[in-house]
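A.B. asks: One structure, as C-alpha cells, below. Some questions next.
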Amino acid sequence: MTATQPDLGTWVGKGIDRVEGPHKVTGTAPYASDVTLPGMLHAVVVTSTIAAGSIVKIDSSALLTLPGVRAVFTHENFPRLNTPTQVLFGEAPVVPMQDARIAFHGQEVALVVADTPQEATEAARLLEITYAAEPPLLDPAGQRRETLPSSPDTSRGDTDAGWAAADVRVGATYRTPENTNNPLGLMGCVAVWDGDHLEIHDSTQGTIALRTILAGMFGVPESGVRVRVPYLGGGFGAGLNQWPYKILAAGAARELGVPVKLMLTRPQMFRLVGHRPNSEHQVRLGAARDGGLTMIEHRATSLSSMDFPAVGLLTSGTPHLYDCANVATVERTVRLNRRYPTSMRAPGEAEGNWAVETAMDELAHELGMDPLDLRLRNLATERDPATGKPWSSNAVIECCRVGAELFGWSRRDPRPASTREGDLLIGQGMAACGFFAYMPMSQARVTIYADGTAAVRSAATDIGTGTYTIITQVAADLLGLHPQQVDFQLGDSDMPASAHSGGSGLASSLSNAVIDAVSHLRGELLALAGPDSPLHGLAPDDVVCRDGALCRRDDPSAREPIADLLAGSGLVELAADGRLRPPEGAARDMVHAAAYGARFVEVAIDPMIGRLRVRRVVTVTDGGRILNKKLARSQILGATVGGIGQALFEDTLTDPGTGRVANGTFGDYLVAVNADVPDVEVAFVGEPDRYTPSGTKGIGEIGLVGVAAAIGNAVFHATGRRARDLPITVDQLMM
Amino acid sequence: MKTTRTTTRVPSAQDLYTVDVFTVVNGSPMQWRVDTRTTLLEALRDTAGLTGTKRGCDQGACGACTVHVDGKRVLSCLTLAAQADGRQVTTIEGLAGDDGPHPLQEAFLRHDAFQCGFCTPGQLMSAACLLREGRAGSDAAIREYMSGNLCRCGAYDNIVAAIRDVAKGAD
Amino acid sequence: MRAFLYDRPTAVDEAVAAVAADPQAAFLAGGTTQVDLMKDGVWTPDRLVDITRLPLRGILVESQQLKVGALTTMEELAAEPVVAQRLAFVREALLHGASVQLRNMATIGGNLLQRTRCRYFRDPTVSACNRRSPDSGCAAVDNVARMHAILGVDERCIALHASDVAVPLIAVDASVLVNGPAGQRRIPLTEFWVRADEGPSIENVLGHGDLITEIDIPLLPQGWRSGYLKVRDRASYEFALTSAAVALQLDGDLIADIRIALGGVGSVPWRAREAEEMLRGTPVDPLRFEQAGRAVMASAFTVPGTAFKVDLAVRTLSRQLLTMTEAKR
C-alpha cells in the first residue's frame, strides 16, 4: 500500500533559503532573455490590426533594403510545418503563418529578422500589410456565436426538488473579466539548429511538451530537440502552452541557418501568450432554515478564441466542496474572434469560487446566519460528495476554524454597514475554497557519487515556486545528506521527462518520482553488497541512507559505507531512475484530495470617494505535507497578492468594434503594487495527504482562490452593497 | 549652426546614427559605440553583457530595469545610452562590495523576498536607494516608495521585511 | 524606434537654434514620455537635441516665489524645504506622481509638456486620433475610455492631461519662461495649454524651437494652507482618476480666499474658477462645497466609461475641502 514515506523530516519542512537564491539576488541567474549566441539575429513579431478576414498583400520587399534587415517571413514564405501532435501537458499550438486567414486582432502575421533588436523593431513598424477585413465575432451575446461544452456537465440528485424544498433561496449572475497572466519576465526564446538538431532556450513551463511539439512539427527525432529553461521569469500559466512565437523562432533559425532570438514585447504579452478568459456564472443555492444546502446549481460561460480550446474548469470545484444531495453544473464556452485563452493561476477555480462563495455569503445573509457557520454546516470533509469515496485528506474545516480564530471573527458584528471609523466603513468577509488535485507524470534520476555527494536530474522547471529547493530537501532526507551535498539540476529536456510546473502538480509529482528513484537506488546499492555484508539479501525498504552509508532501517549499526560499495564494484557513481507511481493499497479507493483553504479579509472603504484598501488578510491552507515552510508561505503570500489584483484591479479590456486589446501595457492594466498589500498572516493546517508517499498537495494556486470572494464579501459587510462583477473599482464603491 | 557632438571625429553617413558613450559602470570605465536609439538598458545588457538588469516592460511601468545613475535610481529602459555619457552607472552586478554581498542581498535571501527572481535586481537597486533616501522609516513608507517596482509573484510582504531588517540594522 | 541624429549642446541658445533650424528636430529632457512615445512609434523625430546638460537645473528661493530651472527633477523639487513649507500641495502632488525612479528622471519642464496617456493616441495602428492626425476621428470616444477627460473636451477628442503637479501649479498661477527663436517670453500656465475642444491636435502655445527654461511658482502667503487629494484605483504608481488641489485662507469660519484646480478631469490641468468664486468669502458649508464642484462640472462631456468621473470629481473636491476646513460631511 501507499505508505507515507518515513524518511522525510530532517530537511523536509524546514524553511531553508532558496538554493538558487544567490544567483537571483546577484543578477546571475540566466533567463531565456539573457542568452546570447555567436552570430545570433534578432526577430520581431508583427501582429494583425484586424480581428477577422485575411491578408491580401504584405509588402516585405521594401523592408529588405533597410539597414540590418536579413529576412521577412510571412505566410507566403514561412515553411509549411507538420500538424502538431497533441501532447499530454497542454494543448497543441496553432501553427502560425501557414495561410492568409486572420482570426483575432493581434495575431502573428509576419516575422522580421535583423542584425540588432533596434533594426528589427523599426522595420517591423514600417511593414505595410493590406487586409480584407470581415466583420469580427466579438459580442458574446451575438447571434452567430458557436457555443461548446468546456467541462463535462455534472449532476447528482434533483436540483428542482432541492430548489422547491428550500426555505431560503438565492440566485444571481456573477462576472469576472479577462485577466492577463503577465509574468514579469517577457517571454521569448533563442533557437539554433545544427543539422536536424534543434536547441531552444525558452520561457516554457514544460520542457518536454515543447520538445515533443517542435520535433513533430519540424519532422525531426525527439532525441534531437533540446529545450533549456534553467530559469523562468514567472509564468502563472502563460508558459504552459507552446505558443506560436517559439515555432516562428525555430522556423526562422532553420531557414536562415543561424541562431535567432525572439523576445515578445509587453503589449504582445497581452495578445500572444494567453489570458484568463472572461466568465459569467449563474448560481442558484437553496437551503433549509438550519442552513443545510438543499441544492447547488452553477451554470457558467467563458469566452474563447476561434482556433484554440477553452480552458474550462469554471465549475470544477462546485460539486466537491459542499455536502449537498442535489447539485448540477453546466459549463460552456463561446468562440469569438479573440486572442487565445489559457490557464492563469488557479484557472477556473478563481472565477468559479468568486461566484459560488459570493452566493454563499448572500445565502448566509438571507438566512440570518453567520457566513462562517454556513460553511461549517455544509463543508464535505470525510467523503467526496460527488463519488461518495473518502478523501485522501481534507482539513477545510480546520482551515475555517483556525482562520476564524487568528482573525478574531467572533468579534465581528454581523450587521452590514455596522462599523465606522471616521470617514471609513469597515467590513470583514470570508470564503472557503479548494483547488483540485492534479498530478501529471514526472520522472527523475538520482545519482550518488563516490565523494559522497549526489545529483538529482529532471526536465522540470522552477517557475519561482521553489522546485529547486524542495526537491533538494526531499533528496537530502532520502539520501541522508545535507542539502549542500545535493545538486538538483532541472530545466533541460535531455534529463528524465517531467511534468510542467503547472496545475499545482509538480511538487507532488516530482517529489514522489524522487522517492521512487531513491528506492531503486537503494536496490542498486544492495545488489552491490556481497554475501558477507550485513545488508546482504535485504529489500530496498529495509534499508536507509544515513551519514554516507546504507544502513538497516531497524538496526543502523548494520551498515555499509556507500563509497565502499561503489569502490567494491569499480564504480565511481551509481544512478537510478524513478517515476510517479500510481496509488497503491487503500489509496486506490480514495479520492485524491484538493488543497483547501479559508480566507478572511478586512477592508476599509471611504464611500465618499470610493476608495478601498485591504487592511488585513488571514489565509489558512491545507497543503498536505509542507516541504519548506518559508517557501510555502511565500506561495500563499504571492497568490494572495494575485487575488487582491483579481478582486480590485485586473481587467483586460477589448475594443468592442475591432477586438483590439484596449489597455495592453503595465501602465494601463493594473496589477497590485507594494502599497496595495497589507501584512498577510499565513497559516497551514492538515496532515500529510494519504494519496502519495510524499504526502504533499500542490499549493501554487490555492492561495489565490477565495481571496476575491472574501474581499467582495467584506465589501458587502462594510457597505451593505453587493458586488457581483469583478474588479470592484472606485465607481462601484462611491455611495 | 554650432552644436556640440559627443565626439570630435568626422562622421560618416552611418556614423551619424551612432554615438560614442563614455561611462563608468560599477567602477569600470566603459566606452560604447552604439546606435543612437540604444537605451541604457540595451547598452548594459547587449553591449556590456551585464544581463542582471532586466527588461520587464520597456515602457517605464514595472521597475525591473532600475539602475543607479550618479547615485540615483532611474529606469534604464527610458534612458538613452547617450544620456549616460559621463555618468556613473551602478547595476546589480555592482551592488555587492569587495567584502561580500550587500546587506540587502542577504536580507532578500533570508526573507525569501523573491520567487521567480526576475524583478529582483530592480527591487534591490531600488531598495538600496530607498535606504539612502531615508525612506525606510516605516512599513508604509517602504511600501509607498517601493511601489515603482512590480513583483508579479507577489513577494511584497517579504520585500518589506527584508528592507525593514536592513534599515534597522543600519540605525 | 525610428533612427535619429543626436546632439547634446551645452548652451540654451545653441539648443534653441538646433531645433529651430530643423522642422523634424525636438528637444529631449528626462525622456520618460518621449522615449516611450518613440518606442510606440507615435513620435518619430529625425533629430533629438538633448538638453539635459544645459544649465537649467536648480531652485532659486525668493521672498515671494520660487524660480525653478526647467530641468529640475520632480524629486529635487519635492525635496526643497520651502516647497514643503509654503506649497504643501505642490509637494504632495509631486510625491503622488509616478514612481521614485521616474521622478528622478522627469523634469518639471517636461512634466508640463507630457503627452496624454490615451491608449488610442499611443497606438499608431489606431488610425482614428484627432490629436495625432487631424480630422481622423477619435477612437477613444467609441471604445474603452476610463482614464480620459470630461472637461475641455468634446466628441473630437477626450485626451486627458495626466500631470499631478501641474494641477497645484495652475492653482497658484505659476508661469513659465520660454526661450525661442523669437527671444524670451513669459507665459502664465493658465494660458499655456490648449483645450482639446479648442483644437485637439494642438496641446499648448509653444512654437517649434521654443524651450521652457524656468518655472516661476508664487509662494502661498503666510497663513494659507494647501493640500492635494488624488483618487485612483490602486494605492500608488497610477495616474489620477480625479484629483483636487486646494489652497485656502480661513478667517474663523469664513473662507477668506481660495484657489482650486482639478486633475484627472481636463484636457488641460483644470483651474476651477467657478468654484473659487462661489466659495470665496463664504462660511464653511459642506453643501456649498458640493454645489461649487457641480458648477465646475456643468460643462462636462462624458462617454459611458467616464460618466462616473463627474460625481467623483465633485466628491474629491468636497472631501478635500472638508479635510482642510475640518468640517463634517
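Every chain in the C-alpha cells has a letter given in the order shown (A, B, ...), and although residue numbers restart at 1 in each chain, ligands are simply numbered from 1 in the order shown.
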List the neighbours of A:Gly638 out to 12 Å using only C-alpha atoms; skip same-chain residues closer than 6 positions along the sequence, and give me the result as a VMD selection string.

C.D. replies: (chain A and resid 234 236 345 464 to 465 619 631 to 632 644 to 645 672 to 674 677 679 to 680 682 699 to 705 707) or (chain B and resid 112 to 116 151 to 159)

A.B. asks: Skipping near chain neighbours, those fewer than 3 positions away, what residues fall within 10 Å of C:Ala307 using only C-alpha atoms, listed as a list in words?

C.D. replies: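 After dropping sequence-adjacent residues, the list is Asp731 of chain A; Ala145, Arg146, Ile150, Ala300, Phe301, Thr302, Val303, Pro304, Val310, Asp311 and Leu312 of chain C.
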
A.B. asks: Taking only C-alpha atoms into account, find every residue of chain B that has an atom no more than 10 Å from chain C, and write it out as a PyMOL selection string.

C.D. replies: chain B and resi 1-6+15-19+35-39+58-63+66-69+72-80+82-83+126+129-130+143-150

A.B. asks: Pull C-alpha atoms from the residues just selected and write them as a JSON list (two decimals), in the first residue's frame.

C.D. replies:
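So part.json came out as:
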```
[["chain", "number", "residue", "atom", "x", "y", "z"],
["B", 1, "MET", "CA", 24.66, 76.25, -36.58],
["B", 2, "LYS", "CA", 27.05, 75.33, -33.84],
["B", 3, "THR", "CA", 26.34, 72.32, -31.74],
["B", 4, "THR", "CA", 28.47, 70.11, -29.62],
["B", 5, "ARG", "CA", 28.57, 66.49, -30.60],
["B", 6, "THR", "CA", 29.65, 63.92, -28.14],
["B", 15, "ASP", "CA", 28.18, 57.22, -38.07],
["B", 16, "LEU", "CA", 25.60, 60.00, -37.89],
["B", 17, "TYR", "CA", 23.27, 57.49, -36.30],
["B", 18, "THR", "CA", 25.77, 56.19, -33.82],
["B", 19, "VAL", "CA", 27.05, 57.76, -30.69],
["B", 35, "ASP", "CA", 23.04, 53.18, -32.40],
["B", 36, "THR", "CA", 21.61, 56.48, -31.12],
["B", 37, "ARG", "CA", 18.35, 54.63, -30.41],
["B", 38, "THR", "CA", 20.02, 52.34, -27.91],
["B", 39, "THR", "CA", 18.66, 52.65, -24.41],
["B", 58, "ASP", "CA", 10.35, 48.55, -21.77],
["B", 59, "GLN", "CA", 7.78, 51.27, -21.10],
["B", 60, "GLY", "CA", 8.76, 52.64, -17.72],
["B", 61, "ALA", "CA", 5.93, 50.90, -15.93],
["B", 62, "CYS", "CA", 7.46, 47.99, -13.98],
["B", 63, "GLY", "CA", 10.81, 48.95, -12.44],
["B", 66, "THR", "CA", 16.14, 50.05, -12.28],
["B", 67, "VAL", "CA", 19.80, 51.07, -12.08],
["B", 68, "HIS", "CA", 21.63, 53.91, -10.36],
["B", 69, "VAL", "CA", 22.88, 56.84, -12.42],
["B", 72, "LYS", "CA", 20.01, 57.99, -8.10],
["B", 73, "ARG", "CA", 17.62, 55.21, -9.05],
["B", 74, "VAL", "CA", 16.30, 55.56, -12.58],
["B", 75, "LEU", "CA", 14.71, 53.39, -15.24],
["B", 76, "SER", "CA", 17.31, 52.32, -17.77],
["B", 77, "CYS", "CA", 14.63, 51.43, -20.35],
["B", 78, "LEU", "CA", 13.64, 55.09, -20.76],
["B", 79, "THR", "CA", 17.17, 56.45, -20.56],
["B", 80, "LEU", "CA", 19.07, 56.69, -23.81],
["B", 82, "ALA", "CA", 23.79, 58.55, -24.95],
["B", 83, "GLN", "CA", 22.37, 60.28, -21.89],
["B", 126, "SER", "CA", 15.54, 50.44, -5.84],
["B", 129, "CYS", "CA", 18.47, 53.89, -2.98],
["B", 130, "LEU", "CA", 15.43, 53.85, -0.73],
["B", 143, "ARG", "CA", 5.61, 50.14, 0.56],
["B", 144, "GLU", "CA", 4.92, 53.54, -0.99],
["B", 145, "TYR", "CA", 8.45, 54.21, -2.14],
["B", 146, "MET", "CA", 8.91, 50.66, -3.43],
["B", 147, "SER", "CA", 5.69, 50.78, -5.44],
["B", 148, "GLY", "CA", 7.56, 51.60, -8.63],
["B", 149, "ASN", "CA", 8.81, 48.01, -8.68],
["B", 150, "LEU", "CA", 6.19, 45.46, -9.66]]
```

A.B. asks: Quick one: pick out all strand (DSSP E) residues within stretch 8-208 of chain C from a backbone DSSP run and write them as a VMD selection string.

C.D. replies: chain C and resid 25 to 28 47 to 50 59 to 61 65 to 69 175 to 180 183 to 188

A.B. asks: Can you check which residues of chain B DSSP gives as alpha helix (DSSP H) on the backbone and send them as a compact mmCIF listing (two decimals) with N, CA and C atoms, in the first residue's frame?

C.D. replies:
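Output file states-v1.txt is given in full below:
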```txt
# COMPACT_ATOMS: atom_id res chain seq x y z
N LEU B 40 19.86 52.81 -22.35
CA LEU B 40 20.87 52.39 -21.38
C LEU B 40 20.68 50.91 -21.04
N LEU B 41 19.43 50.49 -20.95
CA LEU B 41 19.15 49.08 -20.67
C LEU B 41 19.76 48.18 -21.74
N GLU B 42 19.57 48.55 -22.99
CA GLU B 42 20.11 47.73 -24.08
C GLU B 42 21.64 47.76 -24.09
N PRO B 103 24.10 44.03 2.25
CA PRO B 103 23.17 43.52 3.28
C PRO B 103 21.77 43.25 2.72
N LEU B 104 21.35 44.03 1.74
CA LEU B 104 20.03 43.79 1.17
C LEU B 104 19.97 42.45 0.43
N GLN B 105 21.06 42.09 -0.21
CA GLN B 105 21.07 40.81 -0.92
C GLN B 105 20.91 39.66 0.07
N GLU B 106 21.59 39.77 1.21
CA GLU B 106 21.46 38.73 2.23
C GLU B 106 20.06 38.73 2.83
N ALA B 107 19.52 39.93 3.04
CA ALA B 107 18.19 40.01 3.65
C ALA B 107 17.12 39.50 2.70
N PHE B 108 17.27 39.78 1.41
CA PHE B 108 16.30 39.25 0.44
C PHE B 108 16.31 37.72 0.45
N LEU B 109 17.49 37.16 0.57
CA LEU B 109 17.60 35.70 0.60
C LEU B 109 16.96 35.15 1.88
N ARG B 110 17.27 35.79 2.98
CA ARG B 110 16.80 35.33 4.29
C ARG B 110 15.27 35.42 4.40
N THR B 120 13.88 40.96 -9.19
CA THR B 120 14.73 41.11 -8.01
C THR B 120 15.88 42.11 -8.19
N PRO B 121 16.62 42.06 -9.30
CA PRO B 121 17.66 43.08 -9.45
C PRO B 121 17.11 44.50 -9.36
N GLY B 122 15.97 44.73 -9.97
CA GLY B 122 15.36 46.06 -9.91
C GLY B 122 14.90 46.40 -8.51
N GLN B 123 14.32 45.41 -7.82
CA GLN B 123 13.88 45.65 -6.45
C GLN B 123 15.09 46.02 -5.57
N LEU B 124 16.17 45.27 -5.74
CA LEU B 124 17.35 45.50 -4.90
C LEU B 124 17.97 46.87 -5.19
N MET B 125 18.05 47.23 -6.47
CA MET B 125 18.65 48.53 -6.79
C MET B 125 17.77 49.66 -6.26
N SER B 126 16.47 49.44 -6.35
CA SER B 126 15.54 50.44 -5.84
C SER B 126 15.65 50.55 -4.31
N ALA B 127 15.71 49.39 -3.67
CA ALA B 127 15.78 49.37 -2.21
C ALA B 127 17.07 49.99 -1.70
N ALA B 128 18.17 49.77 -2.42
CA ALA B 128 19.44 50.35 -1.99
C ALA B 128 19.34 51.87 -1.97
N CYS B 129 18.66 52.44 -2.97
CA CYS B 129 18.47 53.89 -2.98
C CYS B 129 17.49 54.32 -1.91
N LEU B 130 16.44 53.54 -1.75
CA LEU B 130 15.43 53.85 -0.73
C LEU B 130 16.09 54.07 0.63
N LEU B 131 17.04 53.21 0.97
CA LEU B 131 17.74 53.36 2.25
C LEU B 131 18.51 54.67 2.28
N ARG B 132 19.19 54.97 1.18
CA ARG B 132 19.95 56.23 1.12
C ARG B 132 19.04 57.44 1.19
N GLU B 133 17.86 57.30 0.59
CA GLU B 133 16.91 58.42 0.58
C GLU B 133 16.29 58.65 1.96
N ASP B 139 6.92 50.76 7.61
CA ASP B 139 6.46 49.84 6.57
C ASP B 139 5.67 50.59 5.51
N ALA B 140 4.86 51.55 5.94
CA ALA B 140 4.04 52.29 4.98
C ALA B 140 4.93 53.05 4.00
N ALA B 141 6.00 53.64 4.52
CA ALA B 141 6.91 54.38 3.65
C ALA B 141 7.63 53.43 2.69
N ILE B 142 8.06 52.29 3.22
CA ILE B 142 8.74 51.32 2.35
C ILE B 142 7.80 50.90 1.22
N ARG B 143 6.57 50.59 1.58
CA ARG B 143 5.61 50.14 0.56
C ARG B 143 5.38 51.23 -0.49
N GLU B 144 5.18 52.46 -0.03
CA GLU B 144 4.92 53.54 -0.99
C GLU B 144 6.12 53.76 -1.90
N TYR B 145 7.30 53.84 -1.32
CA TYR B 145 8.45 54.21 -2.14
C TYR B 145 9.09 53.01 -2.84
N TYR B 156 5.78 41.04 -2.06
CA TYR B 156 5.87 42.36 -1.43
C TYR B 156 6.10 42.30 0.08
N ASP B 157 5.33 41.48 0.78
CA ASP B 157 5.48 41.45 2.25
C ASP B 157 6.91 41.09 2.64
N ASN B 158 7.49 40.17 1.91
CA ASN B 158 8.85 39.74 2.24
C ASN B 158 9.88 40.78 1.83
N ILE B 159 9.59 41.50 0.76
CA ILE B 159 10.48 42.60 0.35
C ILE B 159 10.49 43.66 1.46
N VAL B 160 9.31 43.98 1.97
CA VAL B 160 9.22 44.97 3.06
C VAL B 160 10.00 44.46 4.27
N ALA B 161 9.82 43.19 4.60
CA ALA B 161 10.50 42.63 5.78
C ALA B 161 12.02 42.70 5.61
N ALA B 162 12.49 42.39 4.41
CA ALA B 162 13.94 42.41 4.16
C ALA B 162 14.49 43.83 4.29
N ILE B 163 13.79 44.79 3.71
CA ILE B 163 14.27 46.18 3.76
C ILE B 163 14.22 46.70 5.21
N ARG B 164 13.13 46.37 5.90
CA ARG B 164 12.98 46.79 7.29
C ARG B 164 14.15 46.28 8.13
N ASP B 165 14.50 45.03 7.89
CA ASP B 165 15.62 44.40 8.60
C ASP B 165 16.91 45.18 8.40
N VAL B 166 17.20 45.49 7.17
CA VAL B 166 18.46 46.18 6.86
C VAL B 166 18.41 47.61 7.39
N ALA B 167 17.24 48.25 7.27
CA ALA B 167 17.12 49.63 7.76
C ALA B 167 17.36 49.67 9.26
N LYS B 168 16.83 48.70 9.97
CA LYS B 168 17.00 48.67 11.43
C LYS B 168 18.46 48.42 11.79
N GLY B 169 19.07 47.49 11.03
CA GLY B 169 20.47 47.19 11.28
C GLY B 169 21.37 48.39 11.06
N ALA B 170 20.93 49.26 10.16
CA ALA B 170 21.76 50.41 9.80
C ALA B 170 21.62 51.53 10.81
```

A.B. asks: Report as a VMD selection string the set of chain A residues whose atoms approach chain C to within 10 Å, with distances computed over only C-alpha atoms.

C.D. replies: chain A and resid 48 to 50 118 to 126 423 607 to 613 645 648 to 649 653 to 658 660 to 665 667 to 668 670 to 677 728 to 732 734

A.B. asks: Those selected residues, please, written with N, CA and C atoms and delivered as a compact mmCIF listing (two decimals), in the first residue's frame.

C.D. replies:
```
# COMPACT_ATOMS: atom_id res chain seq x y z
N SER A 48 -1.48 41.36 -36.44
CA SER A 48 -2.56 41.87 -37.28
C SER A 48 -3.29 43.04 -36.62
N THR A 49 -3.86 43.90 -37.44
CA THR A 49 -4.63 45.03 -36.93
C THR A 49 -6.11 44.88 -37.26
N ILE A 50 -6.49 43.69 -37.70
CA ILE A 50 -7.91 43.36 -37.83
C ILE A 50 -8.15 42.06 -37.04
N GLN A 118 17.03 46.77 -32.42
CA GLN A 118 16.53 48.09 -32.82
C GLN A 118 16.14 48.08 -34.30
N GLU A 119 16.99 47.45 -35.12
CA GLU A 119 16.71 47.41 -36.57
C GLU A 119 15.47 46.56 -36.85
N ALA A 120 15.36 45.45 -36.16
CA ALA A 120 14.20 44.59 -36.40
C ALA A 120 12.91 45.27 -35.96
N THR A 121 12.98 45.95 -34.83
CA THR A 121 11.79 46.62 -34.31
C THR A 121 11.32 47.72 -35.24
N GLU A 122 12.27 48.52 -35.73
CA GLU A 122 11.90 49.63 -36.61
C GLU A 122 11.36 49.10 -37.94
N ALA A 123 11.99 48.08 -38.47
CA ALA A 123 11.50 47.52 -39.74
C ALA A 123 10.10 46.95 -39.56
N ALA A 124 9.87 46.29 -38.43
CA ALA A 124 8.55 45.72 -38.17
C ALA A 124 7.48 46.81 -38.14
N ARG A 125 7.84 47.95 -37.60
CA ARG A 125 6.90 49.06 -37.53
C ARG A 125 6.51 49.55 -38.92
N LEU A 126 7.44 49.43 -39.86
CA LEU A 126 7.22 50.00 -41.19
C LEU A 126 6.58 49.02 -42.16
N ASP A 423 -14.28 58.55 8.55
CA ASP A 423 -14.91 58.54 7.23
C ASP A 423 -15.02 57.13 6.66
N PRO A 607 -16.51 55.68 1.43
CA PRO A 607 -17.59 55.62 0.44
C PRO A 607 -17.76 56.93 -0.32
N MET A 608 -17.25 58.02 0.23
CA MET A 608 -17.42 59.29 -0.47
C MET A 608 -16.62 59.29 -1.77
N ILE A 609 -15.41 58.78 -1.72
CA ILE A 609 -14.57 58.78 -2.92
C ILE A 609 -14.30 57.37 -3.44
N GLY A 610 -15.02 56.40 -2.92
CA GLY A 610 -14.94 55.04 -3.46
C GLY A 610 -13.61 54.36 -3.25
N ARG A 611 -12.87 54.78 -2.26
CA ARG A 611 -11.52 54.23 -2.06
C ARG A 611 -11.58 53.01 -1.15
N LEU A 612 -11.03 51.90 -1.63
CA LEU A 612 -10.99 50.67 -0.85
C LEU A 612 -9.54 50.28 -0.60
N ARG A 613 -9.26 49.94 0.65
CA ARG A 613 -7.95 49.37 0.95
C ARG A 613 -8.15 48.07 1.72
N GLY A 645 -5.28 41.56 -6.71
CA GLY A 645 -5.33 42.12 -8.06
C GLY A 645 -6.58 41.70 -8.80
N LEU A 648 -9.60 43.65 -7.32
CA LEU A 648 -9.70 45.12 -7.33
C LEU A 648 -9.17 45.80 -8.60
N PHE A 649 -8.31 45.15 -9.36
CA PHE A 649 -7.62 45.89 -10.41
C PHE A 649 -7.68 45.26 -11.80
N LEU A 653 -9.21 44.82 -21.21
CA LEU A 653 -10.36 45.33 -21.96
C LEU A 653 -10.14 45.18 -23.46
N THR A 654 -11.24 44.99 -24.17
CA THR A 654 -11.20 44.79 -25.61
C THR A 654 -12.07 45.84 -26.30
N ASP A 655 -11.54 46.44 -27.34
CA ASP A 655 -12.35 47.39 -28.10
C ASP A 655 -13.53 46.65 -28.71
N PRO A 656 -14.75 47.13 -28.47
CA PRO A 656 -15.91 46.35 -28.91
C PRO A 656 -16.02 46.22 -30.43
N GLY A 657 -15.52 47.19 -31.15
CA GLY A 657 -15.69 47.12 -32.60
C GLY A 657 -14.58 46.38 -33.33
N THR A 658 -13.37 46.42 -32.77
CA THR A 658 -12.22 45.90 -33.51
C THR A 658 -11.58 44.67 -32.87
N ARG A 660 -9.40 44.81 -30.57
CA ARG A 660 -8.05 45.19 -30.13
C ARG A 660 -8.00 45.24 -28.60
N VAL A 661 -6.86 44.81 -28.04
CA VAL A 661 -6.68 44.97 -26.59
C VAL A 661 -6.59 46.46 -26.31
N ALA A 662 -7.45 46.93 -25.42
CA ALA A 662 -7.54 48.38 -25.21
C ALA A 662 -6.54 48.90 -24.18
N ASN A 663 -6.05 48.03 -23.32
CA ASN A 663 -5.19 48.51 -22.23
C ASN A 663 -4.00 47.58 -22.02
N GLY A 664 -3.34 47.21 -23.10
CA GLY A 664 -2.30 46.20 -23.03
C GLY A 664 -0.92 46.71 -22.67
N THR A 665 -0.80 47.43 -21.59
CA THR A 665 0.52 47.81 -21.06
C THR A 665 0.44 47.76 -19.54
N GLY A 667 1.16 50.16 -17.74
CA GLY A 667 0.65 51.46 -17.29
C GLY A 667 -0.86 51.49 -17.26
N ASP A 668 -1.49 50.67 -18.10
CA ASP A 668 -2.94 50.71 -18.25
C ASP A 668 -3.64 49.52 -17.61
N LEU A 670 -3.72 47.29 -14.57
CA LEU A 670 -3.18 47.45 -13.22
C LEU A 670 -3.03 46.11 -12.52
N VAL A 671 -1.86 45.89 -11.96
CA VAL A 671 -1.65 44.79 -11.04
C VAL A 671 -1.32 45.41 -9.69
N ALA A 672 -1.48 44.64 -8.64
CA ALA A 672 -1.24 45.19 -7.30
C ALA A 672 0.22 45.62 -7.16
N VAL A 673 0.42 46.79 -6.55
CA VAL A 673 1.77 47.23 -6.20
C VAL A 673 1.96 47.04 -4.70
N ASN A 674 3.18 47.29 -4.27
CA ASN A 674 3.54 47.04 -2.87
C ASN A 674 2.57 47.74 -1.92
N ALA A 675 2.20 48.98 -2.24
CA ALA A 675 1.36 49.76 -1.33
C ALA A 675 -0.07 49.23 -1.24
N ASP A 676 -0.46 48.34 -2.15
CA ASP A 676 -1.81 47.79 -2.10
C ASP A 676 -1.95 46.62 -1.14
N VAL A 677 -0.83 46.15 -0.62
CA VAL A 677 -0.84 44.87 0.09
C VAL A 677 -0.61 45.10 1.58
N ILE A 728 -13.74 45.10 -8.46
CA ILE A 728 -14.54 46.03 -7.67
C ILE A 728 -13.78 47.36 -7.63
N THR A 729 -14.27 48.33 -8.38
CA THR A 729 -13.49 49.56 -8.56
C THR A 729 -14.19 50.76 -7.91
N VAL A 730 -13.47 51.87 -7.95
CA VAL A 730 -13.93 53.11 -7.31
C VAL A 730 -15.37 53.43 -7.69
N ASP A 731 -15.69 53.29 -8.97
CA ASP A 731 -17.03 53.71 -9.41
C ASP A 731 -18.12 52.83 -8.81
N GLN A 732 -17.78 51.56 -8.44
CA GLN A 732 -18.78 50.71 -7.78
C GLN A 732 -18.92 51.04 -6.30
N MET A 734 -18.49 54.20 -4.75
CA MET A 734 -18.96 55.53 -4.35
C MET A 734 -20.40 55.41 -3.86
```

A.B. asks: State, in Å with one decimal place, the distance from atom CA of A:Leu424 to atom CA of C:Leu321.

C.D. replies: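 Separating atom CA of A:Leu424 from atom CA of C:Leu321 is a distance of 17.2 Å.
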
A.B. asks: Nearest residue to chain A out of B:Thr51, B:Gln31, B:Gln88, B:Thr23, using only C-alpha atoms?

C.D. replies: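 Among the listed residues, B:Thr51 lies closest to chain A.
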
A.B. asks: Env of stretch 136-143 of chain A: 9 Å cut, atoms = only C-alpha atoms, seq-sep filter 3 positions within chain, self excluded. Answer as a VMD selection string.

C.D. replies: chain A and resid 50 to 53 103 to 104 133 146 303 334 to 338 656 to 659

A.B. asks: Identify, on the basis of only C-alpha atoms, every residue whose closest approach to A:Glu357 does not exceed 7 Å; exclude the query and any residue fewer than 4 positions from it along the same chain; express the result as a list in words.

C.D. replies: Asn353, Asp361, Ala431 and Ala709 of chain A

A.B. asks: If we count only C-alpha atoms and set the cut-off at 12 Å, which residues sit around C:Pro200, ignoring sequence neighbours fewer than 4 positions away in its own chain? Please answer as a list in words.

C.D. replies: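 Answer for this query is Thr116, Phe121, Cys129, Asn130, Arg131, Arg132, Ser133, Pro134, Asp135, Ser136, Gly137, Cys138, Gly152, Val153, Asp154, Glu155, Arg156, Cys157, Ile158, Ala159, Leu160, Trp193, Val194, Arg195, Ala196, Asn204, Ser267 and Val268 of chain C.
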
A.B. asks: Atom CA of A:Thr159 to atom CA of A:Val327: how many Å, to one decimal?

C.D. replies: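 Going from atom CA of A:Thr159 over to atom CA of A:Val327 covers 6.0 Å.
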
A.B. asks: Report as an NGL selection string all protein, DNA and RNA residues lying within 8 Å of A:Leu726, evaluated on only C-alpha atoms, omitting residues in the same chain fewer than 5 positions from it.

C.D. replies: :A and (175-177 or 646-648)

A.B. asks: At what distance in Å, to one decimal, does atom CA of A:Gly623 lie from atom CA of A:Asp689?

C.D. replies: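 Straight-line distance from atom CA of A:Asp689 to atom CA of A:Gly623 works out to 8.2 Å.
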